[in-house]
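Everything below belongs to my_file.tsv, which stores TSV, C-alpha atoms and all ligand atoms.
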```tsv
chain	number	residue	atom	x	y	z
A	10	MET	CA	115.22	18.78	-12.12
A	11	LYS	CA	113.25	16.34	-10.04
A	12	HIS	CA	115.90	16.62	-7.37
A	13	ASN	CA	115.32	20.31	-6.93
A	14	SER	CA	112.29	19.86	-4.72
A	15	HIS	CA	114.16	17.67	-2.28
A	16	PRO	CA	116.56	20.20	-0.79
A	17	ALA	CA	113.66	22.59	-0.35
A	18	LEU	CA	111.61	19.94	1.43
A	19	GLY	CA	114.62	19.01	3.50
A	20	LEU	CA	115.02	22.61	4.50
A	21	LEU	CA	111.36	22.83	5.39
A	22	SER	CA	111.46	19.79	7.60
A	23	ALA	CA	114.71	20.99	9.15
A	24	THR	CA	112.97	24.26	9.94
A	25	LEU	CA	110.00	22.44	11.41
A	26	LEU	CA	112.32	20.24	13.40
A	27	ALA	CA	114.19	23.26	14.70
A	28	ALA	CA	110.88	24.80	15.72
A	29	ALA	CA	109.91	21.61	17.49
A	30	ILE	CA	113.23	21.49	19.30
A	31	SER	CA	113.06	25.10	20.33
A	32	ALA	CA	109.65	24.32	21.83
A	33	CYS	CA	111.72	22.50	24.42
A	34	ALA	CA	114.27	25.27	24.60
A	35	PRO	CA	117.03	24.88	27.14
A	36	VAL	CA	116.17	26.31	30.50
A	37	THR	CA	118.30	28.97	32.11
A	38	PRO	CA	120.68	27.97	34.91
A	39	ALA	CA	118.37	29.62	37.44
A	40	GLN	CA	115.49	27.43	36.32
A	41	THR	CA	117.64	24.31	36.38
A	42	ALA	CA	118.69	25.14	39.91
A	43	THR	CA	115.09	24.99	41.09
A	44	GLY	CA	114.45	21.85	39.03
A	45	SER	CA	111.76	23.66	37.08
A	46	ARG	CA	111.46	23.86	33.33
A	47	CYS	CA	109.82	27.24	33.41
A	48	ASP	CA	109.97	30.72	34.81
A	49	ALA	CA	107.06	30.49	37.22
A	50	VAL	CA	107.20	34.14	38.22
A	51	ALA	CA	106.84	35.29	34.62
A	52	ALA	CA	104.12	32.74	33.93
A	53	LYS	CA	102.08	33.79	36.95
A	54	ALA	CA	102.44	37.44	36.07
A	55	MET	CA	101.13	36.65	32.60
A	56	ALA	CA	98.22	34.66	34.04
A	57	VAL	CA	97.28	37.68	36.14
A	58	LYS	CA	97.69	40.12	33.29
A	59	ASP	CA	95.68	37.97	30.85
A	60	HIS	CA	92.88	37.42	33.41
A	61	CYS	CA	93.37	33.65	33.37
A	62	LEU	CA	93.00	33.59	37.14
A	63	ARG	CA	89.46	34.87	36.85
A	64	CYS	CA	88.53	31.36	35.75
A	65	HIS	CA	91.50	29.29	36.88
A	66	ALA	CA	93.55	28.77	40.01
A	67	GLU	CA	96.64	26.66	40.57
A	68	THR	CA	94.93	24.01	42.65
A	69	ARG	CA	91.29	25.06	43.09
A	70	GLN	CA	88.52	24.53	40.55
A	71	LYS	CA	86.86	27.78	39.52
A	72	GLU	CA	84.91	28.37	36.31
A	73	GLY	CA	87.68	26.42	34.58
A	74	PRO	CA	89.71	23.47	35.84
A	75	SER	CA	92.59	24.06	38.25
A	76	PHE	CA	95.97	24.08	36.54
A	77	SER	CA	96.96	21.08	38.65
A	78	ALA	CA	93.96	19.18	37.23
A	79	VAL	CA	95.08	20.17	33.73
A	80	ALA	CA	98.62	18.98	34.49
A	81	MET	CA	97.20	15.70	35.79
A	82	LYS	CA	95.07	15.27	32.68
A	83	TYR	CA	98.09	15.71	30.42
A	84	ARG	CA	100.62	13.76	32.50
A	85	GLY	CA	102.53	11.40	30.25
A	86	ASN	CA	101.01	12.89	27.10
A	87	PRO	CA	103.85	13.74	24.71
A	88	ASN	CA	101.61	16.25	22.93
A	89	ALA	CA	100.72	18.13	26.08
A	90	GLU	CA	102.74	21.25	25.33
A	91	ALA	CA	101.59	21.39	21.73
A	92	ASN	CA	97.94	20.86	22.69
A	93	LEU	CA	97.93	23.55	25.31
A	94	TYR	CA	99.86	25.94	23.12
A	95	GLU	CA	97.11	25.55	20.54
A	96	HIS	CA	94.43	25.83	23.17
A	97	LEU	CA	95.83	29.18	24.20
A	98	THR	CA	96.63	30.60	20.79
A	99	ILE	CA	93.93	29.26	18.49
A	100	GLY	CA	91.30	28.89	21.16
A	101	ASP	CA	88.72	26.14	21.20
A	102	GLY	CA	85.33	25.61	22.69
A	103	ALA	CA	85.30	25.81	26.47
A	104	LYS	CA	82.39	24.39	28.39
A	105	MET	CA	81.54	26.73	31.23
A	106	LEU	CA	80.42	25.42	34.61
A	107	GLU	CA	76.76	26.21	34.14
A	108	GLY	CA	76.79	24.39	30.82
A	109	HIS	CA	77.06	26.83	27.96
A	110	ALA	CA	80.12	26.77	25.76
A	111	GLU	CA	82.07	29.75	24.57
A	112	PHE	CA	85.37	30.16	22.83
A	113	HIS	CA	88.23	29.93	25.23
A	114	LYS	CA	90.26	33.03	25.70
A	115	CYS	CA	93.25	33.30	23.37
A	116	ILE	CA	96.60	34.85	23.99
A	117	ALA	CA	97.58	36.67	20.85
A	118	SER	CA	99.80	39.39	22.12
A	119	GLU	CA	102.60	37.45	23.77
A	120	SER	CA	105.70	35.98	22.20
A	121	PRO	CA	105.62	32.23	21.48
A	122	GLU	CA	108.37	31.74	24.04
A	123	LYS	CA	106.32	33.43	26.76
A	124	ILE	CA	103.27	31.38	25.89
A	125	ARG	CA	105.33	28.19	25.95
A	126	ASN	CA	106.67	29.21	29.31
A	127	MET	CA	103.14	29.57	30.61
A	128	VAL	CA	102.15	26.19	29.17
A	129	ARG	CA	105.10	24.57	30.91
A	130	TRP	CA	104.19	26.28	34.15
A	131	ILE	CA	100.62	24.96	33.91
A	132	LEU	CA	101.93	21.46	33.18
A	133	ASP	CA	104.24	21.71	36.20
A	134	GLN	CA	101.37	22.30	38.63
B	201	LIG	C1	85.96	32.93	31.08
B	201	LIG	C2	86.68	31.97	31.86
B	201	LIG	C3	88.06	31.56	31.41
B	201	LIG	C4	89.17	32.36	31.20
B	201	LIG	C5	89.27	33.86	31.32
B	201	LIG	C6	90.27	31.47	30.90
B	201	LIG	N1	89.85	30.17	30.91
B	201	LIG	FE1	90.97	28.52	30.59
B	201	LIG	N2	89.32	27.35	30.68
B	201	LIG	C7	88.06	27.78	31.03
B	201	LIG	C8	87.15	26.64	31.05
B	201	LIG	C9	85.66	26.68	31.39
B	201	LIG	C10	87.93	25.52	30.66
B	201	LIG	C11	87.45	24.08	30.50
B	201	LIG	C12	87.09	23.88	29.06
B	201	LIG	C13	86.46	22.54	28.80
B	201	LIG	O1	86.75	21.58	29.51
B	201	LIG	O2	85.70	22.49	27.81
B	201	LIG	C14	89.28	26.00	30.46
B	201	LIG	C15	90.35	25.20	30.11
B	201	LIG	C16	91.67	25.60	30.16
B	201	LIG	C17	92.80	24.72	30.03
B	201	LIG	C18	92.74	23.20	29.82
B	201	LIG	C19	92.65	22.89	28.37
B	201	LIG	C20	92.62	21.42	28.13
B	201	LIG	O3	93.00	21.02	27.03
B	201	LIG	O4	92.24	20.64	29.01
B	201	LIG	C21	93.92	25.49	30.15
B	201	LIG	C22	95.36	25.04	30.07
B	201	LIG	C23	93.47	26.85	30.32
B	201	LIG	N3	92.11	26.88	30.32
B	201	LIG	C24	94.34	27.93	30.49
B	201	LIG	C25	93.93	29.26	30.51
B	201	LIG	C26	94.82	30.39	30.47
B	201	LIG	C27	96.33	30.30	30.44
B	201	LIG	C28	94.03	31.50	30.47
B	201	LIG	C29	94.47	32.94	30.35
B	201	LIG	C30	95.09	33.29	29.10
B	201	LIG	C31	92.66	31.06	30.56
B	201	LIG	N4	92.64	29.69	30.56
B	201	LIG	C32	91.56	31.90	30.64
B	201	LIG	C33	87.70	29.07	31.35
B	201	LIG	C34	88.51	30.18	31.21
```
Do you think you could lay out the structure here as structure tokens?
Ligand code: HEC
Amino acid sequence: MKHNSHPALGLLSATLLAAAISACAPVTPAQTATGSRCDAVAAKAMAVKDHCLRCHAETRQKEGPSFSAVAMKYRGNPNAEANLYEHLTIGDGAKMLEGHAEFHKCIASESPEKIRNMVRWILDQ
């Protein structure tokens, strides 16, 4: 009887592992050809649609840090994708330029794969 919990746990961790692996889903041939891990066109379109560019730019500091500064901050950090995915889906406190903090904008309406794509795009800046 004691053994019964093990297969279930094994299945759970296999599922989690599969989720973790699919976070680094294989890129399409087109993406590989450009050496990029993400679909930049789709990511940019999403950034426009979700009003991210109101506060962010690729290389220029606005209300929020430039995406290249974010990429720099996370360079070499193995948790970068996971951290930013959380940042964009759970939302956390964001300190605005003039000092007050508010909750960072969340993306709730997009598929996990699209959000991951955007995270990768940000980390590629
Ligand atoms: C109202 C302005 C505003 C909007 C809109 C906004 N952000 Fe931000 N964002 C900020 C600020 C300010 C920070 C810096 C937070 C801090 O350092 O506390 C930030 C931080 C970030 C970071 C860095 C997080 C980290 O861990 O360093 C990322 C990535 C990010 N935003 C992405 C996005 C994306 C993608 C969108 C659109 C879905 C978006 N932001 C919309 C203001 C905004």
Contacts of Gly102 (chain A) at 7 Å or less, counting all atoms listed in the file, minus same-chain residues fewer than 4 places along, as a compact mmCIF listing (two decimals) with C-alpha atoms, in the coordinates of the input?
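The result, written out as result-v7.txt:
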```txt
# COMPACT_ATOMS: atom_id res chain seq x y z
CA ALA A 110 80.12 26.77 25.76
CA GLU A 111 82.07 29.75 24.57
CA PHE A 112 85.37 30.16 22.83
CA HIS A 113 88.23 29.93 25.23
```
inquiry  = As a quick test: using only C-alpha atoms and all ligand atoms, which residues lie no more than 9 Å away from ligand LIG 201 (chain B)? Give them as JSON, numbers by chain.
reply    = {"A": [52, 55, 56, 57, 58, 59, 60, 61, 62, 63, 64, 65, 71, 72, 73, 74, 75, 76, 78, 79, 80, 82, 83, 89, 92, 93, 94, 95, 96, 97, 98, 101, 102, 103, 104, 105, 106, 110, 111, 112, 113, 114, 115, 116, 124, 127, 128, 131, 132]}
Interatomic distance, CA of Glu90 (chain A) to CA of Asp48 (chain A) (Å, one decimal) =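 Going from CA of Glu90 (chain A) over to CA of Asp48 (chain A), I get 15.2 Å.
Across A:Val50, A:Ala117, A:Ala91, A:Met81, the tightest approach to Asp133 (chain A) is made by A:Met81 when counting only C-alpha atoms.
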query = What is the distance between CA of Glu107 (chain A) and CA of Gln70 (chain A), in Å to one decimal?
reply =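 Separating CA of Glu107 (chain A) from CA of Gln70 (chain A) is a distance of 13.5 Å.
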query = How many Å separate CA of Asn86 (chain A) from CA of Gly108 (chain A)?
reply =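 The value is 27.1 Å.
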